[in-house]
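Shown next, in structure tokens, is the structure this report addresses.
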Amino acid sequence: MSDAESPNEFEPIEVFPEDETADLRPGADDCYKCSTCDTNCPVAEVDDDFPGPKFQGPEQWRLKRKEDTSVDDSISKCSNCMRCDSACPSDVGLSQMHNTARAEYVEEELSKTSLTYWRNRILANYRTSAFLASKVPRIANAAMNFGPARWAMDRVFGITSEREFPAFATETFREWWEREGGADGSRERARAARERRGEDVDAEKKVAYFHGCYANYNTPEVGKAMVRVFEHFGYELVVPEQRCSGTPMFANGMLDDAERHAEVNVSSMGDLIEQGYDAIASCTSCSMALRQEYPELFDIEGIDELAENTWEALEYLRVQEDLSGELSAATVEDENLAELAYHAPCHARNQGLDGQALELFADLAGVDAADVGDSCSGISGTYGWKSEKYDTSMKIGEEMFDHMEEVEGEVGMTECPTCAMQMEHGTGYEIRHPLEIVESALVS
Amino acid sequence: MAIEDDVLVVGGGVAGMTAALAAADTGASVRLVTKSQSTLRHASGLVDVLGYADEELIADPFDAIADLPADHPYAKVGVEAVRNGLERFDTITGDLYRGGHTETNALLPTHGGAVKPTARYPASAAAGLASDERDVLLVGFETLSDFDAPLAADHLRAADVPFDVRGATVSFPGTPRADAKITRYAHALDEDDDDERERLAGRVERVHEGEARVGFPAVLGESHHAAIRAALADALDADVFEVPMGPPSLPGMRLEAAYERALRDAGVSVVRRPVDGYETDGDGRLTAAFVERNGQHIPHHADAFVLATGGLVGEGIDSDRGGVHEPVFDCHVPHPADRYEWFVDEPFGDQPYPRFGVVVDDDLRPRDAAGSIEFENLRAAGSVVGGADFAAECSGTGVSLATGDAAGTAAGNDTQ
């Protein structure tokens with residue numbers, strides 16, 4: 001009897017029942033080596049020595065089946081832009097394979113006493129540095145960009161002196177949030193907004209804001225825009241306890257650090273999701289981490305529920321509210337925002353969100369937003385901060401800088417804080433978050 | 001309501017993009033959702049309409065379409081739809097393509113040294129026509145193993161082409177590493193920073209024996225391909241052409257760029273995520289498709305829908321031990337219950353499985369097992385439609401153009 005005659009009797013055999021790590025075999029088997037990922041890799045585009053995502057993922061995984069083969073050090077050249085994921089016609093989880101290989105490389109190949117290890121660890125744990133700096137923001141801002149110190153950091157530690165450190169806000173977003181009355185204040189403002197909008201005042205419109213590190217310590221204006229825009233639509237916000245989303249840690253192979261932070265985030269956000277809150281992030285790398293990398297890399301209770309209930313800020317309003325309708329009836333008076341050079345971050349691209357901001361602002365009076373093309377900005381978080389990666393980073397960014405220069409006006413727009421850093425660094429433009437544009441259009 | 005358009009096209013290959021452009025032409029607002037990047041990087045860049053029928057080489061595909069069985073997609077839409085699809089293609093591609101001057105198939109050499117019938121071909125391949133009697137030198141690069149010029153020349157001679165053909169291998173200027181991605185060759189020639197064009201011509205001159213035509217693997221530039229060919233032709237005093245290659249393919253990427261430009265100009269919004277569910281009004285009409293976004297399911301509403309997700313290779317048709325199905329809208333896909341009847345033992349025999357796909361009426365609306373319309377406002381286009389064996393017939397792009405144009409136009413008109 002052929003098994004086709006009894007298709008329901010097929011029972012797969014579990015080959016490695018005791019292994020709880022992610023099973024990467026299907027990904028490796030699904031790769032048919034078409035090399036499309038390699039032609040999409042921004043690092044391989046400018047660095048001929050980088051073997052590309054196909055090697056870093058499926059090929060290396062297969063090679064490592066031999067026990068005496070270790071992860072090649074070229075894995076540290078991958079910038080974790082994740083473009084290979086959406087390039088693959090065969091659904092190979094390339095970025096997951098890269099994250100896993102990078103972690104193994106750091107664990108087994110990188111000396112824990114080397115400067116590179118500690119440089120990467122400190123860069124990956126940006127939140128810790130930012131937390132300390134935010135206690136004394138003015139001193140930190142002066143010290144961090146003090147010439148001789150930067151020279152030494154470059155020479156000894158490998159953090160490029162070509163870039164200016166981002167300024168720390170004198171008041172963090174969370175400090176502002178407390179001053180505005182926290183969740184109670186938000187509830188009152190949201191109720192007033194619902195009343196003004198003619199909605200049910202007691203409507204269940206509540207979201208938990210994942211601000212990430214950058215909007216808290218460096219660009220609180222993005223967090224404030226998020227709060228004001230959501231309250232305008234009648235949503236009450238809570239700002240739960242949170243750590244780093246993990247993005248810079250994945251990119252530096254510090255998965256243990258990332259998991260520790262993820263546990264806090266999953267626990268505090270998870271409690272709120274159980275109470276009916278949706279999780280909203282304004283940074284597209286944070287939403288990417290919560291949605292995709294968390295369930296791919298960690299086994300934490302509630303992690304799938306968090307992934308399924310996490311949204312990018314504008315996407316949420318677009319689906320739940322008539323955001324495009326309100327925007328097409330509105331006008332932005334601020335002349336600074338008349339011409340915007342928009343760059344879609346790679347991590348927004350991978351969530352299918354790269355066309356969203358331009359689409360939303362197409363009918364918004366007073367704003368003309370132009371796409372600066374589909375290239376990668378090249379900074380990839382901590383990547384472009386490393387002395388040995390700086391030139392690669394700027395070479396990748398060249399195409400974006402050129403397109404930005406072609407746009408009239410000198411203001412850029414993007415959802416990603418480190419793309420914003422790179423856009424500013426390459427062109428001198430001031431960079432805004434789409435939420436700030438919405439705030440300017442809808443919140444008087 | 002949130003994300004709403006007149007027409008939603010699911011699938012971003014040639015069929016989906018053609019459908020989106022056709023729908024936009026009717027005045028409809030159009031959104032195209034595609035699970036990942038377009039698979040045009042996998043396409044040789046040759047555009048077939050019908051190369052073979054009953055294993056016989058076809059000279060005039062338009063003539064032969066009349067003899068196809070009634071369940072073939074061409075028979076459903078008719079020969080006029082094929083002409084419309086090609087006309088749209090010619091408008092989108094402009095100078096990039098040749099072949100529109102005649103209804104008969106052209107014969108093009110492939111990188112394996114076979115000769116392939118095709119209706120349209122990249123301008124970059126035009127000087128390589130196998131019907132041209134002028135002699136050919138094929139040039140390969142030492143570091144590019146995908147194209148073995150002497151072997152391809154041997155094969156072409158064995159195919160009895162009406163000209164002398166010889167293959168030679170040179171090193172590419174700057175000598176890329178052995179496994180370098182092909183875009184490195186293209187971009188080195190595009191940028192020409194270290195006079196790569198001139199240096200390449202110099203290396204070819206040493207092996208060139210006055211052949212009137214010189215063929216290269218299709219890596220001669222991504223954006224400046226015409227100028228690169230002109231520079232090489234000038235230096236070698238010969239016509240220069242590209243031999244279409246396997247994935248990732250530069251002619252495919254250039255075609256992708258032309259389509260993306262057309263979509264942008266037509267105002268079509270493109271979303272790159274998979275669709276994994278739908279919603280109906282309970283009365284036989286689709287109201288929304290759900291776009292999966294890393295765990296979240298985002299409803300995308302529309303009045304009319306086009307399914308253009310590809311066939312068995314493109315995952316528009318899926319199979320497991322239990323059966324064959326269409327995973328997005330769960331349309332009926334007829335197939336034998338015993339999966340040992342899905343194929344025949346001879347690998348190149350008359351295989352049943354390539355023809356698996358949804359069954360459509362003359363208006364391209366998928367029908368269920370009982371023959372009723374699956375959804376009033378859903379049409380299908382491209383290789384998700386059953387009845388064609390595009391690999392054996394050399395009909396893939398033609399079916400996508402014809403059904404894409406017809407489905408998109410009908411969907412758009414329904415909403416206007």
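Every chain in the structure tokens takes a letter, A first, then B, and so on in the order presented; its residues are numbered from 1, and the ligands are numbered from 1 following the presented order.
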Mind checking which residues fall within 12 Å of Thr69 of chain A, counting only C-alpha atoms, ignoring those fewer than 5 positions away in the same chain, and posting them as a compact mmCIF listing (two decimals) with C-alpha atoms, in the first residue's frame?
```txt
# COMPACT_ATOMS: atom_id res chain seq x y z
CA GLN A 60 27.81 28.13 7.16
CA TRP A 61 25.11 26.20 8.98
CA ARG A 62 25.78 23.20 6.75
CA LEU A 63 29.56 23.52 7.11
CA LYS A 64 29.20 23.56 10.87
CA TYR A 105 30.87 33.42 17.25
CA GLU A 108 33.12 30.75 21.30
CA GLU A 109 35.56 32.75 19.20
```
Near-segment 332-342 of chain A list (12 Å; only C-alpha atoms; drop same-chain fewer than 5 positions) as an mmCIF file with C-alpha atoms, in the first residue's frame:
```cif
data_model
loop_
_atom_site.group_PDB
_atom_site.id
_atom_site.type_symbol
_atom_site.label_atom_id
_atom_site.label_comp_id
_atom_site.auth_asym_id
_atom_site.auth_seq_id
_atom_site.Cartn_x
_atom_site.Cartn_y
_atom_site.Cartn_z
ATOM 1 C CA LEU A 327 -4.517 63.933 7.333
ATOM 2 C CA ASP A 354 8.283 51.277 3.651
ATOM 3 C CA GLY A 355 5.533 52.913 1.587
ATOM 4 C CA GLN A 356 3.362 53.938 4.526
ATOM 5 C CA ALA A 357 4.625 57.404 5.462
ATOM 6 C CA LEU A 358 4.670 58.667 1.875
ATOM 7 C CA GLU A 359 1.221 57.253 1.228
ATOM 8 C CA PHE A 361 1.339 62.274 3.589
ATOM 9 C CA ALA A 362 0.469 62.267 -0.127
ATOM 10 C CA ASP A 363 -2.700 64.309 0.461
ATOM 11 C CA LEU A 364 -1.480 66.293 3.455
ATOM 12 C CA ALA A 365 -1.451 69.979 2.579
ATOM 13 C CA GLY A 366 1.740 71.882 3.357
ATOM 14 C CA VAL A 367 3.980 68.826 3.135
ATOM 15 C CA ASP A 368 5.774 67.397 0.132
ATOM 16 C CA ALA A 369 7.566 64.192 1.084
ATOM 17 C CA ALA A 370 9.926 62.607 -1.448
ATOM 18 C CA ASP A 371 11.360 59.112 -1.307
ATOM 19 C CA VAL A 372 15.148 59.015 -1.372
ATOM 20 C CA GLY A 373 15.261 55.511 -2.833
ATOM 21 C CA ASP A 374 15.439 52.010 -1.498
ATOM 22 C CA SER A 375 19.093 51.894 -0.457
ATOM 23 C CA SER A 377 21.409 54.165 5.162
ATOM 24 C CA MET A 400 20.980 57.871 0.146
ATOM 25 C CA PHE A 401 22.996 61.060 0.773
ATOM 26 C CA ASP A 402 23.020 61.823 -2.975
ATOM 27 C CA HIS A 403 19.268 61.385 -3.235
ATOM 28 C CA MET A 404 18.703 63.491 -0.131
ATOM 29 C CA GLU A 405 20.729 66.325 -1.621
ATOM 30 C CA GLU A 406 18.443 66.267 -4.675
ATOM 31 C CA VAL A 407 15.407 67.048 -2.525
ATOM 32 C CA GLU A 408 14.560 70.694 -2.091
ATOM 33 C CA GLY A 409 14.687 71.787 1.540
ATOM 34 C CA GLU A 410 16.979 70.447 4.223
ATOM 35 C CA VAL A 411 14.783 68.322 6.424
ATOM 36 C CA GLY A 412 14.775 64.534 6.370
ATOM 37 C CA MET A 413 12.250 62.081 7.735
ATOM 38 C CA THR A 414 12.578 58.498 8.928
ATOM 39 C CA GLU A 415 11.186 56.161 11.603
ATOM 40 C CA CYS A 416 14.560 54.821 12.748
ATOM 41 C CA CYS A 419 19.103 55.991 10.270
ATOM 42 C CA ALA A 420 18.288 59.544 11.369
ATOM 43 C CA MET A 423 21.087 61.005 7.469
ATOM 44 C CA GLU A 424 22.107 63.959 9.603
ATOM 45 C CA THR A 427 23.952 65.721 4.836
ATOM 46 C CA TYR A 429 19.850 67.873 7.466
ATOM 47 C CA GLU A 430 17.571 68.050 10.469
ATOM 48 C CA ILE A 431 15.697 64.738 10.745
ATOM 49 C CA ARG A 432 12.119 64.280 11.931
ATOM 50 C CA HIS A 433 9.954 61.271 12.751
ATOM 51 C CA PRO A 434 6.661 60.844 10.791
ATOM 52 C CA GLU A 436 6.119 64.619 14.498
ATOM 53 C CA ILE A 437 4.610 65.496 11.119
ATOM 54 C CA VAL A 438 1.271 63.997 12.163
ATOM 55 C CA GLU A 439 1.478 65.929 15.420
ATOM 56 C CA SER A 440 2.078 69.138 13.519
ATOM 57 C CA ALA A 441 -0.886 68.394 11.221
ATOM 58 C CA LEU A 442 -3.490 67.220 13.735
ATOM 59 C CA VAL A 443 -2.602 68.426 17.216
ATOM 60 C CA SER A 444 -2.991 72.131 17.649
#
```
*Quick one: pick out all strand (DSSP E or B) residues within segment 50-278 of chain B from a backbone DSSP run and write them as a ChimeraX atom specification.*
/B:52-53,56-57,97-98,106-109,115-118,120-122,136-141,165-170,213-217,239-243,269-272,275-278
Take the residues from that selection and write them out as a short mmCIF file (atom, residue, chain, number, x, y, z; two decimals), in the first residue's frame, keeping N, CA and C atoms.
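Printed below is selection.cif as written:
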```cif
data_model
loop_
_atom_site.label_atom_id
_atom_site.label_comp_id
_atom_site.auth_asym_id
_atom_site.auth_seq_id
_atom_site.Cartn_x
_atom_site.Cartn_y
_atom_site.Cartn_z
N TYR B 52 6.70 26.09 -27.91
CA TYR B 52 6.49 24.71 -28.32
C TYR B 52 5.04 24.32 -28.12
N ALA B 53 4.53 23.51 -29.02
CA ALA B 53 3.23 22.86 -28.81
C ALA B 53 3.41 21.41 -29.25
N GLU B 56 6.67 20.39 -30.60
CA GLU B 56 7.13 20.94 -31.88
C GLU B 56 7.46 22.42 -31.69
N LEU B 57 8.58 22.84 -32.27
CA LEU B 57 8.96 24.26 -32.24
C LEU B 57 7.94 25.08 -33.01
N TYR B 97 13.56 46.53 -24.79
CA TYR B 97 13.21 45.25 -25.41
C TYR B 97 13.05 45.34 -26.93
N ARG B 98 13.25 44.20 -27.59
CA ARG B 98 13.06 44.08 -29.04
C ARG B 98 12.15 42.89 -29.33
N ALA B 106 11.59 34.74 -32.13
CA ALA B 106 13.02 34.87 -32.38
C ALA B 106 13.71 33.67 -31.72
N LEU B 107 14.91 33.33 -32.20
CA LEU B 107 15.68 32.25 -31.58
C LEU B 107 16.91 32.86 -30.92
N LEU B 108 17.03 32.64 -29.61
CA LEU B 108 18.12 33.24 -28.83
C LEU B 108 19.00 32.17 -28.22
N PRO B 109 20.32 32.34 -28.26
CA PRO B 109 21.21 31.40 -27.57
C PRO B 109 21.11 31.59 -26.06
N VAL B 115 19.25 26.80 -27.92
CA VAL B 115 18.60 27.87 -28.67
C VAL B 115 17.14 27.89 -28.26
N LYS B 116 16.67 29.07 -27.88
CA LYS B 116 15.34 29.16 -27.27
C LYS B 116 14.44 30.08 -28.08
N PRO B 117 13.20 29.61 -28.37
CA PRO B 117 12.26 30.47 -29.08
C PRO B 117 11.62 31.47 -28.13
N THR B 118 11.53 32.72 -28.52
CA THR B 118 10.97 33.72 -27.62
C THR B 118 10.37 34.87 -28.41
N ARG B 120 9.81 38.20 -27.18
CA ARG B 120 10.50 39.48 -26.92
C ARG B 120 11.82 39.15 -26.24
N TYR B 121 12.83 39.98 -26.51
CA TYR B 121 14.13 39.74 -25.89
C TYR B 121 14.77 41.07 -25.57
N PRO B 122 15.64 41.09 -24.56
CA PRO B 122 16.29 42.35 -24.20
C PRO B 122 17.08 42.90 -25.39
N VAL B 136 30.39 34.29 -34.41
CA VAL B 136 30.26 34.72 -33.02
C VAL B 136 31.47 34.28 -32.20
N LEU B 137 31.96 35.18 -31.38
CA LEU B 137 32.92 34.82 -30.33
C LEU B 137 32.18 34.96 -28.99
N LEU B 138 32.13 33.88 -28.21
CA LEU B 138 31.56 33.98 -26.85
C LEU B 138 32.71 34.14 -25.88
N VAL B 139 32.55 35.11 -24.95
CA VAL B 139 33.60 35.39 -23.98
C VAL B 139 33.09 35.10 -22.57
N GLY B 140 33.81 34.27 -21.84
CA GLY B 140 33.47 34.04 -20.43
C GLY B 140 34.54 34.65 -19.53
N PHE B 141 34.26 34.72 -18.24
CA PHE B 141 35.24 35.25 -17.28
C PHE B 141 35.72 34.13 -16.38
N VAL B 165 30.97 29.53 -34.35
CA VAL B 165 30.99 30.07 -32.99
C VAL B 165 32.14 29.46 -32.21
N ARG B 166 32.82 30.32 -31.44
CA ARG B 166 34.01 29.94 -30.72
C ARG B 166 33.90 30.51 -29.31
N GLY B 167 34.45 29.83 -28.32
CA GLY B 167 34.40 30.35 -26.97
C GLY B 167 35.79 30.64 -26.44
N ALA B 168 35.95 31.69 -25.64
CA ALA B 168 37.24 32.00 -25.03
C ALA B 168 36.99 32.53 -23.62
N THR B 169 37.95 32.31 -22.74
CA THR B 169 37.81 32.77 -21.36
C THR B 169 38.90 33.79 -21.05
N VAL B 170 38.49 34.93 -20.49
CA VAL B 170 39.47 35.96 -20.10
C VAL B 170 39.28 36.26 -18.62
N ARG B 213 30.48 39.32 -34.27
CA ARG B 213 29.66 39.46 -33.05
C ARG B 213 30.41 38.87 -31.86
N VAL B 214 30.33 39.57 -30.73
CA VAL B 214 30.97 39.07 -29.51
C VAL B 214 29.92 39.02 -28.40
N GLY B 215 29.77 37.84 -27.82
CA GLY B 215 28.77 37.67 -26.77
C GLY B 215 29.39 37.51 -25.39
N PHE B 216 28.79 38.15 -24.39
CA PHE B 216 29.27 38.09 -23.00
C PHE B 216 28.16 37.53 -22.10
N PRO B 217 28.54 37.00 -20.93
CA PRO B 217 27.48 36.68 -19.96
C PRO B 217 26.72 37.96 -19.61
N ASP B 239 29.68 43.80 -33.19
CA ASP B 239 28.46 43.95 -32.42
C ASP B 239 28.63 43.18 -31.12
N VAL B 240 28.12 43.75 -30.04
CA VAL B 240 28.28 43.11 -28.73
C VAL B 240 26.91 42.75 -28.18
N PHE B 241 26.78 41.55 -27.61
CA PHE B 241 25.49 41.16 -27.02
C PHE B 241 25.70 40.41 -25.71
N GLU B 242 24.62 40.32 -24.97
CA GLU B 242 24.62 39.57 -23.72
C GLU B 242 23.90 38.24 -23.93
N VAL B 243 24.42 37.20 -23.28
CA VAL B 243 23.74 35.90 -23.28
C VAL B 243 22.96 35.82 -21.96
N SER B 269 0.27 51.47 -5.00
CA SER B 269 0.99 51.27 -3.74
C SER B 269 1.43 49.82 -3.65
N VAL B 270 2.65 49.59 -3.22
CA VAL B 270 3.18 48.23 -3.14
C VAL B 270 3.51 47.89 -1.69
N VAL B 271 3.01 46.76 -1.22
CA VAL B 271 3.28 46.30 0.14
C VAL B 271 3.98 44.94 0.04
N ARG B 272 5.13 44.81 0.69
CA ARG B 272 5.86 43.55 0.59
C ARG B 272 5.71 42.71 1.86
N VAL B 275 0.07 37.54 2.15
CA VAL B 275 -1.37 37.56 2.49
C VAL B 275 -1.70 36.20 3.07
N ASP B 276 -2.41 36.17 4.22
CA ASP B 276 -2.67 34.87 4.83
C ASP B 276 -4.10 34.69 5.30
N GLY B 277 -5.00 35.39 4.66
CA GLY B 277 -6.39 35.16 5.04
C GLY B 277 -7.28 36.18 4.35
N TYR B 278 -8.59 36.01 4.46
CA TYR B 278 -9.50 36.94 3.81
C TYR B 278 -10.80 37.02 4.58
#
```
Taking only C-alpha atoms into account, what are the residues of chain A at most 8 Å from chain B, put as a CSV table (one decimal) with N, CA and C atoms, in the first residue's frame?
```csv
chain,number,residue,atom,x,y,z
A,4,ALA,N,0.1,7.2,0.1
A,4,ALA,CA,-0.9,8.1,-0.4
A,4,ALA,C,-2.3,7.7,-0.1
A,5,GLU,N,-2.4,6.3,0.0
A,5,GLU,CA,-3.7,5.8,0.3
A,5,GLU,C,-4.2,6.0,1.7
A,7,PRO,N,-3.1,9.0,3.8
A,7,PRO,CA,-2.3,10.2,4.1
A,7,PRO,C,-2.4,10.6,5.6
A,8,ASN,N,-3.4,10.2,6.3
A,8,ASN,CA,-3.6,10.7,7.6
A,8,ASN,C,-2.7,9.9,8.6
A,34,CYS,N,20.3,30.4,-5.0
A,34,CYS,CA,20.0,31.3,-6.2
A,34,CYS,C,20.8,32.6,-6.1
A,35,SER,N,21.3,32.9,-4.8
A,35,SER,CA,22.2,34.1,-4.6
A,35,SER,C,21.4,35.4,-4.7
A,36,THR,N,20.1,35.4,-4.7
A,36,THR,CA,19.4,36.7,-4.8
A,36,THR,C,19.7,37.5,-3.5
A,38,ASP,N,22.4,37.7,-1.9
A,38,ASP,CA,23.7,38.3,-2.0
A,38,ASP,C,23.6,39.6,-2.8
A,39,THR,N,22.7,39.6,-3.8
A,39,THR,CA,22.6,40.9,-4.6
A,39,THR,C,21.8,41.9,-3.9
A,45,GLU,N,27.7,44.7,-1.2
A,45,GLU,CA,27.8,45.6,-2.4
A,45,GLU,C,29.0,46.5,-2.3
A,48,ASP,N,34.0,43.6,-1.2
A,48,ASP,CA,34.1,42.4,-2.0
A,48,ASP,C,34.5,41.2,-1.1
A,49,ASP,N,35.2,41.5,0.0
A,49,ASP,CA,35.6,40.4,0.9
A,49,ASP,C,34.5,39.8,1.7
A,51,PRO,N,31.5,37.6,2.4
A,51,PRO,CA,31.0,36.5,1.6
A,51,PRO,C,29.4,36.6,1.4
A,86,SER,N,13.6,39.5,3.1
A,86,SER,CA,12.5,39.7,2.2
A,86,SER,C,13.0,39.5,0.7
A,87,ALA,N,14.3,39.3,0.5
A,87,ALA,CA,14.8,39.0,-0.8
A,87,ALA,C,14.6,37.6,-1.1
A,88,CYS,N,14.6,36.7,-0.1
A,88,CYS,CA,14.6,35.3,-0.4
A,88,CYS,C,13.3,34.8,-1.0
A,89,PRO,N,13.4,34.1,-2.1
A,89,PRO,CA,12.1,33.6,-2.7
A,89,PRO,C,11.7,32.3,-2.1
A,288,MET,N,10.3,45.7,15.1
A,288,MET,CA,10.8,44.5,14.4
A,288,MET,C,11.3,43.5,15.5
A,291,ARG,N,8.3,41.9,17.3
A,291,ARG,CA,7.5,41.1,16.4
A,291,ARG,C,8.1,39.9,15.9
A,292,GLN,N,9.4,40.0,15.4
A,292,GLN,CA,10.0,38.9,14.7
A,292,GLN,C,11.2,38.3,15.4
A,307,ALA,N,4.3,39.4,20.4
A,307,ALA,CA,4.6,39.6,19.0
A,307,ALA,C,3.3,39.9,18.2
A,308,GLU,N,2.3,39.1,18.5
A,308,GLU,CA,1.1,39.3,17.8
A,308,GLU,C,0.3,40.5,18.1
A,309,ASN,N,0.6,41.2,19.2
A,309,ASN,CA,-0.1,42.4,19.6
A,309,ASN,C,0.7,43.6,19.5
A,310,THR,N,1.9,43.5,18.9
A,310,THR,CA,2.7,44.7,18.7
A,310,THR,C,2.5,45.4,17.4
A,311,TRP,N,2.4,46.7,17.4
A,311,TRP,CA,2.2,47.5,16.2
A,311,TRP,C,3.2,48.6,16.1
A,318,ARG,N,-3.7,53.9,11.4
A,318,ARG,CA,-4.2,53.8,10.1
A,318,ARG,C,-5.2,52.7,10.0
A,319,VAL,N,-5.0,51.6,10.7
A,319,VAL,CA,-5.9,50.5,10.7
A,319,VAL,C,-7.2,50.8,11.6
A,320,GLN,N,-6.9,51.3,12.8
A,320,GLN,CA,-8.0,51.5,13.8
A,320,GLN,C,-8.8,52.8,13.6
A,321,GLU,N,-8.1,53.8,13.0
A,321,GLU,CA,-8.8,55.1,12.9
A,321,GLU,C,-8.7,55.6,11.4
A,322,ASP,N,-9.4,56.7,11.2
A,322,ASP,CA,-9.3,57.2,9.8
A,322,ASP,C,-8.2,58.2,9.7
A,323,LEU,N,-7.0,57.7,9.9
A,323,LEU,CA,-5.8,58.5,9.9
A,323,LEU,C,-5.6,59.2,8.6
A,324,SER,N,-5.7,58.5,7.5
A,324,SER,CA,-5.5,59.1,6.2
A,324,SER,C,-6.6,60.2,5.9
A,349,ARG,N,11.1,48.4,6.2
A,349,ARG,CA,10.9,47.7,4.9
A,349,ARG,C,10.5,46.2,5.2
A,350,ASN,N,11.2,45.6,6.1
A,350,ASN,CA,10.9,44.2,6.4
A,350,ASN,C,9.6,43.9,7.0
A,351,GLN,N,9.0,45.0,7.6
A,351,GLN,CA,7.6,44.9,8.1
A,351,GLN,C,6.6,45.3,7.0
A,352,GLY,N,7.1,45.6,5.8
A,352,GLY,CA,6.2,46.0,4.8
A,352,GLY,C,5.6,47.4,5.0
A,353,LEU,N,6.4,48.2,5.7
A,353,LEU,CA,5.9,49.6,6.1
A,353,LEU,C,6.6,50.7,5.3
A,354,ASP,N,7.4,50.3,4.3
A,354,ASP,CA,8.3,51.3,3.7
A,354,ASP,C,7.5,52.3,2.8
A,355,GLY,N,6.3,51.9,2.4
A,355,GLY,CA,5.5,52.9,1.6
A,355,GLY,C,4.6,53.7,2.4
A,359,GLU,N,2.6,57.4,1.6
A,359,GLU,CA,1.2,57.3,1.2
A,359,GLU,C,0.3,58.1,2.1
```
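The smallest atom-to-atom distance between Arg228 of chain A and any of A:Leu115, A:Val106, A:Ala190, A:Ala208, using only C-alpha atoms, is found for A:Ala190.
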_Residues within 6 Å of segment 13-17 of chain B, only C-alpha atoms, excluding chain neighbours under 2 positions, as a PyMOL selection string_ = chain B and resi 11+19-20+38+308+381-382+400-401+404
Kindly export the residues of the current selection with C-alpha atoms, as a short mmCIF file (atom, residue, chain, number, x, y, z; two decimals), in the first residue's frame.
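After the write, part-v4.cif holds the following:
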```cif
data_model
loop_
_atom_site.label_atom_id
_atom_site.label_comp_id
_atom_site.auth_asym_id
_atom_site.auth_seq_id
_atom_site.Cartn_x
_atom_site.Cartn_y
_atom_site.Cartn_z
CA GLY B 11 1.21 38.68 -6.06
CA ALA B 19 -2.79 43.36 -13.55
CA ALA B 20 -2.06 46.28 -11.21
CA SER B 38 9.71 40.27 -7.16
CA ALA B 308 -1.57 36.37 -9.06
CA ALA B 381 -3.90 35.66 -13.45
CA GLY B 382 -0.54 34.10 -14.26
CA SER B 400 1.16 36.21 -17.23
CA LEU B 401 0.92 39.21 -19.57
CA GLY B 404 -2.71 39.84 -16.02
#
```
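Taking only C-alpha atoms, the non-local environment of Asp30 of chain A within 10 Å (same-chain residues fewer than 3 positions away omitted) comprises A:Arg25, A:Pro26, A:Gly27, A:Lys33, A:Pro58, A:Pro89, A:Ser90, A:Asp91, A:Val92, A:Gly93.
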Saved selection, atoms kept: N, CA and C atoms, as a compact mmCIF listing (two decimals), in the first residue's frame:
```txt
# COMPACT_ATOMS: atom_id res chain seq x y z
N ARG A 25 17.50 23.81 10.54
CA ARG A 25 17.67 22.91 9.42
C ARG A 25 16.72 23.21 8.24
N PRO A 26 15.40 23.44 8.50
CA PRO A 26 14.51 23.69 7.36
C PRO A 26 14.99 24.89 6.54
N GLY A 27 15.50 25.92 7.23
CA GLY A 27 16.00 27.09 6.52
C GLY A 27 17.16 26.73 5.62
N LYS A 33 20.33 28.19 -3.24
CA LYS A 33 21.54 28.87 -3.67
C LYS A 33 21.36 29.72 -4.93
N PRO A 58 22.74 29.74 5.38
CA PRO A 58 22.61 28.31 5.09
C PRO A 58 23.94 27.59 4.86
N PRO A 89 13.36 34.11 -2.11
CA PRO A 89 12.13 33.58 -2.70
C PRO A 89 11.69 32.27 -2.05
N SER A 90 12.50 31.76 -1.11
CA SER A 90 12.23 30.43 -0.58
C SER A 90 12.00 30.46 0.94
N ASP A 91 11.72 31.65 1.48
CA ASP A 91 11.38 31.80 2.90
C ASP A 91 12.46 31.30 3.86
N VAL A 92 13.72 31.36 3.47
CA VAL A 92 14.79 30.98 4.39
C VAL A 92 14.92 32.08 5.44
N GLY A 93 14.94 31.69 6.71
CA GLY A 93 15.06 32.68 7.78
C GLY A 93 16.49 33.13 7.95
```
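Atom pair atom CA of Arg119 of chain A / atom CA of Met153 of chain A: separated by 9.6 Å.
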Exercise: Leu110 of chain A partners within 12 Å, only C-alpha atoms, chain neighbours under 5 positions left out, as a short mmCIF file (atom, residue, chain, number, x, y, z; two decimals) with C-alpha atoms, in the first residue's frame:
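Output saved as out10.cif:
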```
data_model
loop_
_atom_site.label_atom_id
_atom_site.label_comp_id
_atom_site.auth_asym_id
_atom_site.auth_seq_id
_atom_site.Cartn_x
_atom_site.Cartn_y
_atom_site.Cartn_z
CA SER A 70 33.71 27.11 13.80
CA VAL A 71 31.80 30.24 12.78
CA ASP A 72 33.78 32.37 10.35
CA ASP A 73 34.74 35.80 11.67
CA ILE A 75 29.84 37.11 10.46
CA SER A 76 30.75 40.27 12.37
CA ARG A 102 26.87 35.74 15.47
CA ALA A 103 25.96 34.79 19.03
CA GLU A 104 27.90 31.55 18.68
CA TYR A 105 30.87 33.42 17.25
CA LEU A 115 38.83 45.32 23.67
CA THR A 116 36.62 44.42 20.70
CA TYR A 117 34.39 42.32 22.93
CA TRP A 118 34.02 45.09 25.48
CA ARG A 119 33.65 47.79 22.84
CA ASN A 120 30.82 45.78 21.24
CA ARG A 121 29.27 44.97 24.60
CA ASN A 252 26.61 42.38 18.24
CA GLY A 253 25.95 38.75 19.06
CA MET A 254 25.11 39.50 22.70
#
```
